[in-house]
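Coordinates as given in coords38.txt (compact mmCIF, C-alpha atoms):
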# COMPACT_ATOMS: atom_id res chain seq x y z
CA MET A 1219 -27.11 -186.83 -250.72
CA LYS A 1220 -28.63 -188.93 -247.93
CA THR A 1221 -31.62 -189.81 -250.16
CA ARG A 1222 -29.27 -191.00 -252.92
CA GLY A 1223 -27.49 -193.36 -250.48
CA ILE A 1224 -30.80 -194.77 -249.27
CA LEU A 1225 -31.89 -195.28 -252.88
CA ILE A 1226 -28.69 -197.19 -253.69
CA CYS A 1227 -29.19 -199.46 -250.66
CA ILE A 1228 -32.82 -200.17 -251.58
CA MET A 1229 -31.86 -200.98 -255.18
CA ALA A 1230 -29.10 -203.36 -254.06
CA MET A 1231 -31.48 -205.25 -251.76
CA MET A 1232 -34.11 -205.56 -254.49
CA MET A 1233 -31.61 -206.87 -257.01
CA LEU A 1234 -30.48 -209.63 -254.65
CA SER A 1235 -33.99 -211.03 -254.07
CA CYS A 1236 -35.07 -211.87 -257.63
CA ILE A 1237 -34.14 -213.49 -260.92
CA LYS A 1238 -34.43 -212.03 -264.42
CA GLU A 1239 -34.53 -214.72 -267.07
CA LYS A 1240 -32.17 -214.00 -269.95
CA GLN A 1241 -34.34 -215.77 -272.50
CA GLU A 1242 -35.81 -213.40 -275.04
CA THR A 1243 -38.57 -214.05 -277.52
CA ASN A 1244 -38.29 -211.50 -280.33
CA GLU A 1245 -37.84 -208.18 -278.53
CA TYR A 1246 -39.51 -209.34 -275.30
CA GLN A 1247 -37.61 -209.74 -272.05
CA THR A 1248 -39.11 -212.14 -269.49
CA TYR A 1249 -39.27 -210.83 -265.93
CA VAL A 1250 -39.81 -213.36 -263.17
CA ILE A 1251 -41.15 -212.74 -259.69
CA GLU A 1252 -40.30 -215.83 -257.69
CA LYS A 1253 -42.73 -217.39 -255.20
CA GLY A 1254 -42.44 -215.55 -251.89
CA SER A 1255 -40.86 -212.44 -253.42
CA HIS A 1256 -42.10 -208.99 -254.34
CA GLN A 1257 -39.69 -207.92 -257.10
CA SER A 1258 -38.36 -209.10 -260.38
CA ALA A 1259 -34.65 -208.50 -260.94
CA HIS A 1260 -33.82 -205.45 -262.98
CA GLU A 1261 -31.24 -202.80 -263.67
CA TYR A 1262 -31.63 -199.19 -262.63
CA GLY A 1263 -30.41 -196.28 -264.67
CA LYS A 1264 -31.48 -192.82 -265.62
CA MET A 1265 -33.07 -192.50 -269.01
CA SER A 1266 -34.40 -190.01 -271.46
CA ILE A 1267 -37.77 -190.93 -272.92
CA ASP A 1268 -39.02 -187.59 -274.25
CA SER A 1269 -41.84 -187.82 -271.67
CA ILE A 1270 -43.34 -190.96 -273.27
CA LEU A 1271 -42.74 -194.58 -272.29
CA ASN A 1272 -43.91 -197.16 -274.85
CA PHE A 1273 -43.90 -200.90 -274.23
CA ASN A 1274 -45.72 -204.09 -275.06
CA VAL A 1275 -46.55 -206.68 -272.44
CA ILE A 1276 -47.75 -210.27 -272.43
CA PHE A 1277 -49.15 -211.88 -269.27
CA ASP A 1278 -49.40 -215.68 -269.31
CA SER A 1279 -51.42 -217.96 -267.02
CA SER A 1280 -48.96 -217.31 -264.18
CA ALA A 1281 -50.77 -213.95 -263.75
CA ILE A 1282 -53.73 -215.90 -262.34
CA TYR A 1283 -53.48 -216.02 -258.55
CA GLN A 1284 -55.53 -216.20 -255.38
CA ASP A 1285 -54.70 -213.90 -252.48
CA LYS A 1286 -54.11 -215.53 -249.09
CA GLN A 1287 -56.25 -212.92 -247.34
CA ASP A 1288 -59.55 -211.72 -248.82
CA GLU A 1289 -58.87 -208.10 -247.84
CA ASN A 1290 -55.85 -208.11 -250.21
CA ALA A 1291 -57.87 -209.13 -253.29
CA LYS A 1292 -58.16 -205.51 -254.46
CA ASP A 1293 -54.42 -204.77 -254.10
CA VAL A 1294 -52.77 -203.61 -257.33
CA ASN A 1295 -49.39 -204.99 -258.41
CA LYS A 1296 -46.97 -202.91 -260.42
CA LEU A 1297 -46.07 -203.79 -264.01
CA PHE A 1298 -43.72 -201.23 -265.57
CA GLY A 1299 -43.18 -197.50 -265.54
CA MET A 1300 -40.84 -194.78 -264.33
CA SER A 1301 -39.96 -192.49 -261.51
CA ASP A 1302 -40.46 -188.82 -262.23
CA CYS A 1303 -38.99 -185.44 -261.32
CA GLY A 1304 -35.56 -186.89 -260.56
CA ILE A 1305 -36.61 -188.21 -257.13
CA MET A 1306 -37.77 -191.45 -255.49
CA HIS A 1307 -40.78 -193.16 -257.01
CA HIS A 1308 -42.94 -193.01 -253.85
CA MET A 1309 -42.84 -189.23 -254.28
CA ASN A 1310 -43.48 -188.94 -258.05
CA SER A 1311 -43.90 -191.78 -260.54
CA ALA A 1312 -46.14 -193.32 -263.17
CA ARG A 1313 -46.67 -197.04 -263.77
CA ILE A 1314 -49.19 -199.41 -265.22
CA GLY A 1315 -50.61 -201.53 -262.39
CA TRP A 1316 -52.25 -204.96 -262.66
CA ARG A 1317 -54.16 -207.56 -260.69
CA TRP A 1318 -56.11 -210.77 -261.20
CA TYR A 1319 -59.54 -210.02 -259.78
CA LYS A 1320 -62.78 -212.01 -260.07
CA GLY A 1321 -61.48 -213.98 -263.05
CA ASN A 1322 -60.13 -210.97 -264.95
CA LEU A 1323 -56.75 -209.39 -265.67
CA GLU A 1324 -57.27 -205.74 -264.77
CA LEU A 1325 -54.84 -202.93 -265.63
CA PHE A 1326 -54.58 -199.53 -263.95
CA GLY A 1327 -52.92 -196.15 -264.14
CA TYR A 1328 -50.84 -196.15 -260.93
CA SER A 1329 -49.05 -192.96 -259.92
CA TYR A 1330 -47.63 -190.87 -257.14
CA SER A 1331 -47.77 -187.08 -257.25
CA ASN A 1332 -46.14 -185.29 -254.29
CA ALA A 1333 -46.31 -188.62 -252.37
CA LYS A 1334 -50.07 -188.97 -252.94
CA ARG A 1335 -50.96 -192.27 -254.63
CA GLU A 1336 -53.67 -192.42 -257.29
CA ILE A 1337 -54.95 -195.62 -258.92
CA VAL A 1338 -57.43 -195.50 -261.82
CA LYS A 1339 -58.76 -198.58 -263.63
CA ILE A 1340 -58.00 -198.70 -267.35
CA GLY A 1341 -59.91 -201.92 -268.09
CA SER A 1342 -59.90 -205.71 -268.25
CA PHE A 1343 -57.70 -207.55 -270.75
CA HIS A 1344 -56.87 -211.08 -271.89
CA ILE A 1345 -53.85 -213.10 -270.87
CA ASN A 1346 -51.61 -214.55 -273.61
CA THR A 1347 -52.26 -211.47 -275.73
CA ALA A 1348 -49.79 -208.68 -276.56
CA LEU A 1349 -50.97 -205.43 -274.99
CA ARG A 1350 -49.68 -202.12 -276.32
CA CYS A 1351 -49.00 -199.70 -273.45
CA GLN A 1352 -48.00 -196.07 -273.26
CA ILE A 1353 -47.38 -193.72 -270.34
CA THR A 1354 -47.13 -190.03 -271.19
CA CYS A 1355 -45.80 -187.40 -268.78
CA ALA A 1356 -47.71 -184.25 -269.77
CA THR A 1357 -48.03 -180.90 -268.04
CA GLY A 1358 -50.06 -181.52 -264.89
CA LYS A 1359 -50.98 -185.13 -265.70
CA TYR A 1360 -49.93 -188.66 -266.54
CA ILE A 1361 -51.78 -190.31 -269.40
CA PHE A 1362 -51.99 -194.11 -269.39
CA ASP A 1363 -53.00 -195.92 -272.58
CA VAL A 1364 -53.48 -199.68 -273.01
CA ASN A 1365 -54.71 -200.82 -276.42
CA GLY A 1366 -56.38 -197.43 -276.94
CA LYS A 1367 -58.13 -197.28 -273.54
CA LYS A 1368 -56.93 -194.15 -271.70
CA VAL A 1369 -57.06 -192.77 -268.17
CA GLU A 1370 -55.31 -189.84 -266.49
CA THR A 1371 -53.87 -189.09 -263.05
CA LYS A 1372 -52.34 -185.96 -261.55
CA ARG A 1373 -48.68 -184.99 -262.14
CA SER A 1374 -47.05 -182.37 -259.90
CA CYS A 1375 -43.79 -181.57 -261.70
CA ASN A 1376 -42.33 -181.10 -265.16
CA ILE A 1377 -38.73 -182.29 -264.72
CA GLU A 1378 -37.77 -184.94 -267.26
CA GLU A 1379 -35.36 -187.18 -265.34
CA TYR A 1380 -36.43 -190.78 -264.84
CA TYR A 1381 -35.44 -194.28 -263.85
CA LEU A 1382 -37.40 -197.34 -264.91
CA LEU A 1383 -39.59 -199.27 -262.47
CA TYR A 1384 -39.99 -202.99 -263.12
CA PRO A 1385 -42.54 -205.69 -262.12
CA TYR A 1386 -43.44 -205.82 -258.43
CA PHE A 1387 -46.03 -208.07 -256.73
CA GLY A 1388 -47.96 -206.73 -253.76
CA GLY A 1389 -48.93 -204.71 -251.41
CA ASP A 1390 -48.92 -206.80 -248.32
CA GLU A 1391 -48.55 -210.24 -249.87
CA THR A 1392 -45.68 -211.73 -251.83
CA ALA A 1393 -46.09 -213.71 -255.05
CA PRO A 1394 -48.03 -216.92 -254.30
CA HIS A 1395 -46.19 -218.74 -257.10
CA ARG A 1396 -43.66 -217.97 -259.86
CA ILE A 1397 -45.01 -215.17 -262.06
CA LYS A 1398 -43.61 -214.50 -265.54
CA ILE A 1399 -44.27 -211.29 -267.45
CA LYS A 1400 -42.89 -210.50 -270.91
CA ILE A 1401 -42.13 -206.85 -271.62
CA ALA A 1402 -40.81 -205.27 -274.80
CA TYR A 1403 -39.55 -201.74 -274.11
CA LEU A 1404 -40.03 -199.64 -277.25
CA GLU A 1405 -37.67 -196.69 -277.50
CA LYS A 1406 -39.71 -194.69 -280.00
CA THR A 1407 -43.34 -193.72 -280.07
CA GLN A 1408 -45.34 -196.15 -282.18

Since I need it in another form, could you write the structure as structure tokens?
Amino acid sequence: MKTRGILICIMAMMMLSCIKEKQETNEYQTYVIEKGSHQSAHEYGKMSIDSILNFNVIFDSSAIYQDKQDENAKDVNKLFGMSDCGIMHHMNSARIGWRWYKGNLELFGYSYSNAKREIVKIGSFHINTALRCQITCATGKYIFDVNGKKVETKRSCNIEEYYLLYPYFGGDETAPHRIKIKIAYLEKTQ
């Protein structure tokens, strides 16, 4: 019960710090991380996804950034994904991660399994291009797929109760400028 109260407080604070643009292009929703912030605004809610999360994403030139401190250049930002096992996402979760690194947009499988973080590079991709993404919660593993490139990380549970996790910038640093990411959540497997 105490964990649920902490989760509600954290969600309320995150929702106050960001803006979610209401403009939609086709089925895409634009998520904005304002300069100096970590999160985009979003709604929380439990969901049923039959263990598969499908979405398309488009990064524009606002995904190009320079870290303030060189040691943060390898930090991975969070794009979209879900908590897992009915508990907080720093215990069990699966997300696609991203960063702008050495002139490339790099995407990652980014997960927690029993509070142990695992980050595996999926590949480099182009901005201003629709990327087809899928996260599958399978027995003992998460499978991340971006445009047919796949990686896996460990999964420690098999409980199908989730909440969505939306764009987040950082590690240590906040967004150096306004970042816009378009995401189309697809309810059914493509």

Please provide the set of residues having any atom within 6 Å of A:Ser1329, restricted to all atoms listed in the file, with same-chain residues fewer than 6 positions apart removed, written as a list of chain:residue names. A:Ser1311, A:Ala1312, A:Arg1335, A:Glu1336

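Shortest separation to A:Asn1346 among A:Tyr1283, A:Met1300, A:Leu1323, A:Lys1292 occurs at residue A:Leu1323, atoms counted being all atoms listed in the file.
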
I want to know what sits within 7 Å of stretch 1354-1362 of chain A, based on all atoms listed in the file, with residues of the same chain fewer than 4 positions away left out; could you give that as an MDAnalysis selection string? chainID A and resid 1269:1271 1312 1327 1368:1374 1376

Under the rule that only C-alpha atoms are counted, which of A:Asn1322, A:Asn1272, A:Thr1248, A:Ser1331 is the nearest residue to A:Phe1343?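 Distance minimum relative to A:Phe1343 lands on A:Asn1322.
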
Using all atoms listed in the file, can you tell me which of A:Gln1257, A:Phe1273, A:Gln1352, A:Ala1291 comes closest to A:Arg1317? A:Ala1291

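Using only C-alpha atoms, the smallest distance between any of A:Ile1399, A:Arg1313, A:Asp1390, A:Gly1366 and A:Glu1289 comes from A:Asp1390.
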
Near A:Asn1310, within 6 Å and counting only C-alpha atoms, which residues show up once chain neighbours fewer than 5 positions away are dropped, as a compact mmCIF listing (two decimals) with C-alpha atoms, keeping the file's coordinate frame?
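Printed below is result-v4.txt as written:
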# COMPACT_ATOMS: atom_id res chain seq x y z
CA ASP A 1302 -40.46 -188.82 -262.23
CA TYR A 1330 -47.63 -190.87 -257.14
CA SER A 1331 -47.77 -187.08 -257.25
CA ASN A 1332 -46.14 -185.29 -254.29

Atom pair atom CA of A:Ile1282 / atom CA of A:His1308: separation (Å): 26.7 Å

Determine the nearest neighbour of A:Tyr1246 from the options A:Asn1365, A:Ile1276, A:Cys1303, A:Lys1296, counting all atoms listed in the file.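 Among the listed residues, the smallest separation from A:Tyr1246 belongs to A:Ile1276.
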
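Each of A:Asp1363, A:Asn1295, A:Ile1305, A:Cys1375 was checked against A:Ser1258 using all atoms listed in the file; the smallest atom-to-atom distance is that of A:Asn1295.
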
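Across the structure, atom CA of A:His1344 and atom CA of A:His1307 are spaced 28.3 Å apart.
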
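Distance cut-off 7 Å, centre (-41.8, -203.6, -272.9), atoms counted all atoms listed in the file; the residues meeting this are A:Tyr1246, A:Phe1273, A:Asn1274, A:Val1275, A:Ile1401, A:Ala1402, A:Tyr1403, A:Leu1404.
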
Using only C-alpha atoms, please write the residues we just selected to a file, as a compact mmCIF listing (two decimals), keeping the file's coordinate frame.
# COMPACT_ATOMS: atom_id res chain seq x y z
CA TYR A 1246 -39.51 -209.34 -275.30
CA PHE A 1273 -43.90 -200.90 -274.23
CA ASN A 1274 -45.72 -204.09 -275.06
CA VAL A 1275 -46.55 -206.68 -272.44
CA ILE A 1401 -42.13 -206.85 -271.62
CA ALA A 1402 -40.81 -205.27 -274.80
CA TYR A 1403 -39.55 -201.74 -274.11
CA LEU A 1404 -40.03 -199.64 -277.25

Two-atom distance - atom CA of A:Ile1397, atom CA of A:Ser1280 (Å):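 So the answer is 5.0 Å.
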